[in-house]
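One structure below.
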Amino acid sequence: MSADRYDILFEPVVIGPKTAPNRFWQTPHASGFGTEYPDMQAAYRGMKAEGGWGVVFTEATSVAPETDKGPYVLGRLWDEGDIRNSRRIVERIHAGGALAGVELEYHASMSVASEGRLVAHAVDPVAGEGTLPIAYAGTAAAIHERDIARIQDLHVRAALRAVDAGYDLITLHCGHAASLISHFLIPYYNTRTDAYGGAFENRARFARETLTKVRAAVGDRAAVGMRFGVDTLDAPLGLGDRGMRHDGEAPRVLQYLDDVVDYWDLIIGGVDWGQDAQSSRTARENHEAPFTGRMKQYTTKPVVNVGRLNSPDTMVKVISSGQADFIGAARAGISDPFLPAKIRDGAIDDIRECIGCNMCVSRANTANGRIVCTQNPTIGEEFRRGWHPESFETAANRDRAVLVVGAGSAGLECAMVLGKRGFDMVHLVDAAEEVGGSLNWITKLPGRQEWRHVVEYREHQLSKLKNVTTILNTRLSADDILDYGAEIVVVATGSHYAADAVSPYDRRPLLLGDSFRGNVLTPEEVMSGEATIGNRVLIWDTDGYFVGPGIAEHLAAHGHEVTAVTPASAFGPYLHHTMEDARMTEDLRALGVRVFPSSGLGRADADAVAVETLAGAVEVGVDTVVVVGQRVADSDLYRELQDRRSEWSGAGLTSVYRIGDALRPSFIADAVFSGHRLAREIDSPNPDEPQPYIRERRLLNATETDFTRTGPAQSRTV
């Protein structure tokens with residue numbers, strides 16, 4: 001593929017009074033920094049601008065205290081202090097050559113206003129609807145016509161603060177059925193009978209008036225657009241035409257408001273914004289095109305599309321086909337802030353492709369969750385740790401020979417970063433036939449194939465590092481390591497699921513081996529393809545994430561009769577945070593999987609188990625039990641090496657570290673971070689102890705040096 005194939009992606013595009021340098025548009029998304037942590041936000045967004053994104057947005061930004069969404073940390077433009085903090089963010093984005101954008105939002109009836117205890121207003125409030133699903137807790141106040149001008153003025157004042165801070169683009173949020181503007185538009189939320197309800201023009205009146213006032217206020221200092229949800233995808237809920245439909249009123253919205261916007265950012269989904277931010281388990285690239293792909297014909301203004309757009313070739317098709325004018329993305333830019341630059345420079349093989357695991361989404365869904373990424377461990381660390389995703393300082397101890405034992409996600413990351421830091425010799429050794437560790441079986445679960453990119457990206461990087469050698473089919477003992485000649489040893493031997501797992505619900509082991517004549521399996525054994533699995537399978541899950549549901553789906557799809565039992569309130573409760581639970585439940589139900597949440601296991605014999613539910617015991621016939629429970633760190637090798645410290649000096653060994661699941665079984669993102677952190681700090685005085693990072697917070701009598709890499713914050717204990 002010739003480099004000029006992608007030239008269309010780097011064309012400048014006029015957006016009202018502004019011009020974007022290219023077609024890469026980093027869409028609004030939560031980071032956990034808001035305007036409360038301006039340096040972290042500035043470094044995070046600024047890195048994307050440096051990486052070639054032509055437009056860089058921050059996140060949903062509240063226009064007034066009454067729409068506060070605390071404890072969630074999002075943007076605010078309430079006062080002069082927010083302007084000053086925002087200005088820091090905008091300056092960093094501009095320094096990278098990008099336009100800076102902000103998304104203004106009055107969050108309608110879902111606001112909790114927990115900080116100021118103020119009252120938000122809603123179009124047609126229903127008690128208990130929204131963030132606090134408790135009717136007694138009340139709701140927002142109903143908007144009377146006399147309130148409308150005041151709320152529109154809140155948008156205007158926030159927009160003026162935005163231009164004062166230097167923002168180039170101001171988006172009014174009308175997506176995910178979340179904002180007041182969207183609630184006026186959508187009949188499900190708007191049953192008013194006044195001038196702002198009923199007929200389409202009445203329901204669209206608030207949006208048109210607000211956009212008109214904001215545009216008049218900011219003039220040519222900023223482009224003004226709308227993020228619009230063209231389809232709320234709620235027909236299965238029985239709402240019929242009461243939602244917004246791409247083949248219904250959505251085209252009419254674009255036509256009616258086109259003259260008062262400079263651009264459109266088009267998305268899908270309602271309150272369940274997991275329809276928009278679908279994981280790779282259920283959505284492929286450009287999955288929103290059936291809904292957003294034909295909308296450009298209804299507008300004369302530039303259009304932004306999203307939809308897990310990772311491939312440069314797909315991006316070219318999106319633009320050349322007339323689907324959109326900009327490539328919108330959040331997750332792709334999280335995984336690789338330098339994606340545009342790599343396309344521009346012909347380094348496509350070096351793109352750190354998003355795997356669609358939605359670990360970033362899960363952090364946004366947990367209060368005050370700082371952003372993380374499975375593929376990119378430097379995300380969120382740009383300011384506080386000074387990490388750059390593409391730059392690595394030469395290690396002061398680069399002349400020492402390093403042995404990394406274990407080529408899973410942690411070991412691969414560690415070896416790669418050590419190689420990029422210039423170590424003369426790094427050996428990565430694994431007992432298996434291929435690198436990847438647990439990802440080799442995890443990626444065989446339904447819908448998890450794209451997670452293989454974690455391995456493939458690092459394999460490719462290692463292939464370019466002549467100072468790193470990968471050795472497979474080699475199991476090393478402590479004796480082997482002491483004879484190896486390495487000066488630094490990193491143990492990355494991973495973890496395994498235990499068949500006699502200790503449950504976090506009662507701290508007791510599950511001992512079913514005798515009852516089932518040893519026919520109790522772990523997930524690894526199931527996915528190995530070598531185990532004998534009976535027709536009737538019971539899955540006992542205390543793990544709480546994707547493995548239990550994934551095993552259930554895999555076995556049911558292969559014809560087994562599957563029953564899942566968990567003491568948790570849901571099967572795979574963390575999937576709620578990654579926004580995969582609804583579709584996973586639907587798929588398991590379609591496959592005939594029986595699920596018993598909030599349940600335990602009682603009496604068991606050779607071919608049956610009594611499932612203890614809240615409604616009483618249910619006997620379930622069982623041939624095979626799969627225990628998805630506690631993962632145990634494979635740290636025996638590390639412990640033996642530590643026990644033989646007296647032999648290190650004679651063997652030329654100076655230090656032994658452990659990383660990833662061998663240290664603490666956790667998310668793959670944490671394993672990658674663990675390997676990265678050690679390699680980044682391998683030449684520190686004590687790499688076992690993480691280096692202090694800058695804590696961005698209010699400090700009495702503070703100065704700017706408190707928040708620099710060389711200031712007092714660097715000496716604090718973390």
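Convention: chains lettered A, B, ... in structure tokens order; per-chain residue numbering from 1; ligands numbered from 1 as shown.
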Per DSSP on the backbone, what are the strand (DSSP E or B) residues of segment 108-348 of chain A, as a tab-separated table (two decimals) with N, CA and C atoms, in the first residue's frame?
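Below is the file states-v5.tsv, written as the result:
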chain	number	residue	atom	x	y	z
A	121	HIS	N	-32.72	20.87	36.70
A	121	HIS	CA	-34.04	20.92	36.09
A	121	HIS	C	-34.11	19.92	34.94
A	122	ALA	N	-35.31	19.38	34.75
A	122	ALA	CA	-35.52	18.38	33.70
A	122	ALA	C	-36.75	18.73	32.88
A	141	ALA	N	-36.07	19.16	39.17
A	141	ALA	CA	-37.26	20.01	39.17
A	141	ALA	C	-37.77	20.17	37.75
A	142	ALA	N	-39.08	20.28	37.62
A	142	ALA	CA	-39.68	20.46	36.30
A	142	ALA	C	-39.37	21.86	35.77
A	169	LEU	N	-13.34	24.86	19.48
A	169	LEU	CA	-14.58	24.18	19.14
A	169	LEU	C	-15.43	24.01	20.38
A	170	ILE	N	-16.70	24.31	20.27
A	170	ILE	CA	-17.64	24.14	21.38
A	170	ILE	C	-18.77	23.23	20.91
A	171	THR	N	-18.84	22.05	21.50
A	171	THR	CA	-19.89	21.10	21.16
A	171	THR	C	-20.97	21.13	22.24
A	172	LEU	N	-22.22	21.22	21.82
A	172	LEU	CA	-23.33	21.05	22.76
A	172	LEU	C	-23.72	19.58	22.73
A	173	HIS	N	-23.76	18.96	23.89
A	173	HIS	CA	-24.01	17.53	23.97
A	173	HIS	C	-25.49	17.22	23.79
A	174	CYS	N	-25.78	16.37	22.79
A	174	CYS	CA	-27.14	15.92	22.56
A	174	CYS	C	-27.09	14.42	22.21
A	223	ALA	N	-15.85	27.62	16.66
A	223	ALA	CA	-16.87	26.90	15.91
A	223	ALA	C	-17.80	26.23	16.91
A	224	VAL	N	-19.09	26.18	16.58
A	224	VAL	CA	-20.09	25.60	17.47
A	224	VAL	C	-20.77	24.44	16.75
A	225	GLY	N	-20.83	23.30	17.41
A	225	GLY	CA	-21.46	22.13	16.82
A	225	GLY	C	-22.26	21.36	17.82
A	226	MET	N	-22.77	20.22	17.37
A	226	MET	CA	-23.60	19.40	18.25
A	226	MET	C	-23.17	17.95	18.14
A	227	ARG	N	-23.07	17.29	19.29
A	227	ARG	CA	-22.90	15.84	19.32
A	227	ARG	C	-24.28	15.24	19.44
A	228	PHE	N	-24.70	14.56	18.39
A	228	PHE	CA	-26.08	14.15	18.26
A	228	PHE	C	-26.20	12.63	18.15
A	229	GLY	N	-27.04	12.05	19.01
A	229	GLY	CA	-27.32	10.62	18.95
A	229	GLY	C	-28.41	10.34	17.95
A	263	TYR	N	-20.67	22.07	12.65
A	263	TYR	CA	-20.29	20.68	12.43
A	263	TYR	C	-21.23	19.78	13.22
A	264	TRP	N	-21.22	18.48	12.85
A	264	TRP	CA	-22.00	17.47	13.54
A	264	TRP	C	-21.09	16.32	13.97
A	265	ASP	N	-21.20	15.92	15.22
A	265	ASP	CA	-20.51	14.74	15.75
A	265	ASP	C	-21.61	13.70	16.00
A	266	LEU	N	-21.68	12.68	15.16
A	266	LEU	CA	-22.81	11.76	15.18
A	266	LEU	C	-22.45	10.44	15.87
A	267	ILE	N	-23.33	10.02	16.79
A	267	ILE	CA	-23.11	8.80	17.55
A	267	ILE	C	-24.44	8.05	17.66
A	303	VAL	N	-18.97	16.44	9.08
A	303	VAL	CA	-19.54	15.38	9.92
A	303	VAL	C	-18.42	14.53	10.50
A	304	VAL	N	-18.55	14.21	11.78
A	304	VAL	CA	-17.63	13.31	12.48
A	304	VAL	C	-18.35	12.00	12.76
A	305	ASN	N	-17.69	10.88	12.49
A	305	ASN	CA	-18.22	9.56	12.83
A	305	ASN	C	-17.26	8.83	13.75
A	326	PHE	N	-14.56	13.51	9.10
A	326	PHE	CA	-13.55	13.31	10.13
A	326	PHE	C	-13.63	11.90	10.68
A	327	ILE	N	-12.48	11.38	11.08
A	327	ILE	CA	-12.38	10.09	11.76
A	327	ILE	C	-12.42	10.37	13.26
A	328	GLY	N	-13.56	10.10	13.86
A	328	GLY	CA	-13.70	10.32	15.30
A	328	GLY	C	-13.28	9.09	16.07
A	329	ALA	N	-12.60	9.28	17.16
A	329	ALA	CA	-12.16	8.14	17.96
A	329	ALA	C	-11.83	8.60	19.37
- Message: To test your reading of the structure, identify every residue in segment 6-54 of chain A that backbone DSSP assigns to alpha helix (DSSP H), and report it as number ranges by chain.
- Response: A: 38-50
Selected residues written out, N, CA, C and O atoms, as an mmCIF file, in the first residue's frame:
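The new file result_38.cif reads:
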data_model
loop_
_atom_site.group_PDB
_atom_site.id
_atom_site.type_symbol
_atom_site.label_atom_id
_atom_site.label_comp_id
_atom_site.auth_asym_id
_atom_site.auth_seq_id
_atom_site.Cartn_x
_atom_site.Cartn_y
_atom_site.Cartn_z
ATOM 1 N N PRO A 38 -5.691 19.906 36.246
ATOM 2 C CA PRO A 38 -5.392 20.513 34.944
ATOM 3 C C PRO A 38 -4.092 20.042 34.312
ATOM 4 O O PRO A 38 -4.016 19.911 33.085
ATOM 5 N N ASP A 39 -3.060 19.788 35.116
ATOM 6 C CA ASP A 39 -1.798 19.356 34.519
ATOM 7 C C ASP A 39 -1.890 17.923 33.997
ATOM 8 O O ASP A 39 -1.316 17.602 32.952
ATOM 9 N N MET A 40 -2.604 17.062 34.715
ATOM 10 C CA MET A 40 -2.790 15.703 34.225
ATOM 11 C C MET A 40 -3.633 15.715 32.954
ATOM 12 O O MET A 40 -3.330 15.007 31.987
ATOM 13 N N GLN A 41 -4.697 16.516 32.959
ATOM 14 C CA GLN A 41 -5.543 16.627 31.782
ATOM 15 C C GLN A 41 -4.762 17.217 30.615
ATOM 16 O O GLN A 41 -4.869 16.741 29.472
ATOM 17 N N ALA A 42 -3.974 18.249 30.885
ATOM 18 C CA ALA A 42 -3.216 18.907 29.824
ATOM 19 C C ALA A 42 -2.207 17.956 29.197
ATOM 20 O O ALA A 42 -2.064 17.897 27.964
ATOM 21 N N ALA A 43 -1.505 17.213 30.023
ATOM 22 C CA ALA A 43 -0.505 16.284 29.491
ATOM 23 C C ALA A 43 -1.163 15.147 28.726
ATOM 24 O O ALA A 43 -0.662 14.699 27.687
ATOM 25 N N TYR A 44 -2.307 14.685 29.227
ATOM 26 C CA TYR A 44 -3.030 13.592 28.583
ATOM 27 C C TYR A 44 -3.539 14.006 27.205
ATOM 28 O O TYR A 44 -3.328 13.311 26.207
ATOM 29 N N ARG A 45 -4.220 15.148 27.137
ATOM 30 C CA ARG A 45 -4.735 15.621 25.851
ATOM 31 C C ARG A 45 -3.616 16.142 24.956
ATOM 32 O O ARG A 45 -3.647 15.952 23.739
ATOM 33 N N GLY A 46 -2.624 16.775 25.563
ATOM 34 C CA GLY A 46 -1.513 17.304 24.777
ATOM 35 C C GLY A 46 -0.730 16.218 24.072
ATOM 36 O O GLY A 46 -0.202 16.433 22.973
ATOM 37 N N MET A 47 -0.658 15.027 24.689
ATOM 38 C CA MET A 47 0.060 13.922 24.061
ATOM 39 C C MET A 47 -0.618 13.508 22.759
ATOM 40 O O MET A 47 0.040 13.141 21.780
ATOM 41 N N LYS A 48 -1.937 13.575 22.720
ATOM 42 C CA LYS A 48 -2.661 13.225 21.493
ATOM 43 C C LYS A 48 -2.400 14.256 20.399
ATOM 44 O O LYS A 48 -2.259 13.910 19.217
ATOM 45 N N ALA A 49 -2.343 15.531 20.802
ATOM 46 C CA ALA A 49 -2.023 16.567 19.819
ATOM 47 C C ALA A 49 -0.618 16.356 19.268
ATOM 48 O O ALA A 49 -0.381 16.463 18.056
ATOM 49 N N GLU A 50 0.314 16.032 20.146
ATOM 50 C CA GLU A 50 1.679 15.747 19.708
ATOM 51 C C GLU A 50 1.699 14.548 18.763
ATOM 52 O O GLU A 50 2.512 14.484 17.833
#
- Query: Which neighbours of segment 353-368 of chain A fall inside 9 Å, counting only C-alpha atoms, when residues of the same chain fewer than 2 positions from it are skipped, and could you give them as a ChimeraX atom specification?
  - Reply: /A:29-33,70-74,274,277-281,283,308,310-311,331-336,339,350-351,370-376,448-454,457,574-580,667,669
- Counting only C-alpha atoms, what is within 8 Å of Arg208 of chain A, bar same-chain residues fewer than 3 positions away, as a list of chain:residue names?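 Listing them by chain and then by number gives A:Ala204, A:Arg205, A:Leu211, A:Thr212, A:Leu257, A:Val260.
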- Task: For segment 671-688 of chain A, work out the shell of residues within 7 Å, counting only C-alpha atoms and skipping chain neighbours fewer than 4 positions away, then give it as a ChimeraX atom specification.
- Result: /A:374,377,395-397,409-411,413-414,417-418,657,659-661,666-667
Generate a file of the selected residues that holds N, CA and C atoms, formatted as a JSON list (two decimals), in the first residue's frame.
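Written file, part_25.json:
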[["chain", "number", "residue", "atom", "x", "y", "z"],
["A", 374, "THR", "N", -5.28, -1.28, 28.54],
["A", 374, "THR", "CA", -4.55, -2.54, 28.50],
["A", 374, "THR", "C", -3.35, -2.45, 27.57],
["A", 377, "PRO", "N", 0.23, 1.37, 28.71],
["A", 377, "PRO", "CA", 0.41, 1.62, 30.15],
["A", 377, "PRO", "C", 0.84, 3.03, 30.49],
["A", 395, "ALA", "N", 18.96, 3.52, 29.70],
["A", 395, "ALA", "CA", 19.13, 3.12, 31.10],
["A", 395, "ALA", "C", 20.57, 3.31, 31.54],
["A", 396, "ALA", "N", 20.73, 3.78, 32.78],
["A", 396, "ALA", "CA", 22.07, 3.99, 33.32],
["A", 396, "ALA", "C", 22.81, 2.67, 33.50],
["A", 397, "ASN", "N", 22.08, 1.58, 33.68],
["A", 397, "ASN", "CA", 22.70, 0.27, 33.90],
["A", 397, "ASN", "C", 22.52, -0.63, 32.67],
["A", 409, "SER", "N", 1.93, -11.20, 29.04],
["A", 409, "SER", "CA", 1.78, -9.77, 28.78],
["A", 409, "SER", "C", 2.78, -8.93, 29.58],
["A", 410, "ALA", "N", 3.03, -9.30, 30.84],
["A", 410, "ALA", "CA", 3.98, -8.53, 31.66],
["A", 410, "ALA", "C", 5.41, -8.72, 31.16],
["A", 411, "GLY", "N", 5.80, -9.97, 30.89],
["A", 411, "GLY", "CA", 7.15, -10.24, 30.44],
["A", 411, "GLY", "C", 7.45, -9.63, 29.09],
["A", 413, "GLU", "N", 6.02, -6.94, 27.78],
["A", 413, "GLU", "CA", 6.13, -5.49, 27.94],
["A", 413, "GLU", "C", 7.46, -5.11, 28.56],
["A", 414, "CYS", "N", 7.86, -5.84, 29.59],
["A", 414, "CYS", "CA", 9.11, -5.53, 30.28],
["A", 414, "CYS", "C", 10.30, -5.69, 29.34],
["A", 417, "VAL", "N", 10.38, -2.82, 26.71],
["A", 417, "VAL", "CA", 10.83, -1.52, 27.22],
["A", 417, "VAL", "C", 12.31, -1.56, 27.58],
["A", 418, "LEU", "N", 12.77, -2.67, 28.15],
["A", 418, "LEU", "CA", 14.20, -2.80, 28.43],
["A", 418, "LEU", "C", 15.01, -2.70, 27.14],
["A", 657, "TYR", "N", 13.55, -9.61, 40.43],
["A", 657, "TYR", "CA", 12.28, -8.94, 40.59],
["A", 657, "TYR", "C", 11.16, -9.83, 40.06],
["A", 659, "ILE", "N", 7.03, -9.52, 38.41],
["A", 659, "ILE", "CA", 6.08, -8.59, 37.83],
["A", 659, "ILE", "C", 4.81, -9.33, 37.42],
["A", 660, "GLY", "N", 3.78, -8.56, 37.09],
["A", 660, "GLY", "CA", 2.56, -9.12, 36.55],
["A", 660, "GLY", "C", 1.84, -10.03, 37.52],
["A", 661, "ASP", "N", 1.21, -11.07, 36.98],
["A", 661, "ASP", "CA", 0.44, -11.99, 37.81],
["A", 661, "ASP", "C", 1.30, -12.77, 38.78],
["A", 666, "SER", "N", -4.23, -10.04, 38.47],
["A", 666, "SER", "CA", -5.17, -8.93, 38.32],
["A", 666, "SER", "C", -5.52, -8.79, 36.85],
["A", 667, "PHE", "N", -6.01, -7.62, 36.45],
["A", 667, "PHE", "CA", -6.34, -7.36, 35.06],
["A", 667, "PHE", "C", -5.10, -7.44, 34.18]]
Counting only C-alpha atoms, which residues of segment 570-599 of chain A fall within 12 Å of segment 620-629 of chain A, and what is the closest atom pair for each with its distance in Å at one decimal, ordered by chain and rising number, as a tab-separated table?
residue	atom	partner	partner_atom	distance
A:Phe571	CA	A:Val628	CA	11.4
A:Gly572	CA	A:Val628	CA	10.6
A:Arg594	CA	A:Val620	CA	10.2
A:Val595	CA	A:Val620	CA	11.6
A:Phe596	CA	A:Val620	CA	11.0
Expected file contents, prior selection, N, CA, C and O atoms, as a short mmCIF file (atom, residue, chain, number, x, y, z; two decimals), in the first residue's frame:
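Dumped to part02.cif:
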data_model
loop_
_atom_site.label_atom_id
_atom_site.label_comp_id
_atom_site.auth_asym_id
_atom_site.auth_seq_id
_atom_site.Cartn_x
_atom_site.Cartn_y
_atom_site.Cartn_z
N PHE A 571 -23.80 -12.65 36.95
CA PHE A 571 -22.76 -13.50 36.37
C PHE A 571 -21.79 -12.59 35.64
O PHE A 571 -22.13 -11.94 34.66
N GLY A 572 -20.56 -12.50 36.16
CA GLY A 572 -19.58 -11.59 35.58
C GLY A 572 -19.90 -10.14 35.86
O GLY A 572 -20.05 -9.34 34.94
N ARG A 594 -28.32 -21.71 31.78
CA ARG A 594 -29.06 -21.34 32.99
C ARG A 594 -28.09 -20.65 33.95
O ARG A 594 -26.99 -21.14 34.20
N VAL A 595 -28.54 -19.52 34.50
CA VAL A 595 -27.69 -18.76 35.41
C VAL A 595 -28.39 -18.61 36.75
O VAL A 595 -29.55 -18.19 36.81
N PHE A 596 -27.66 -18.94 37.82
CA PHE A 596 -28.18 -18.78 39.18
C PHE A 596 -27.28 -17.78 39.92
O PHE A 596 -26.25 -18.14 40.47
#
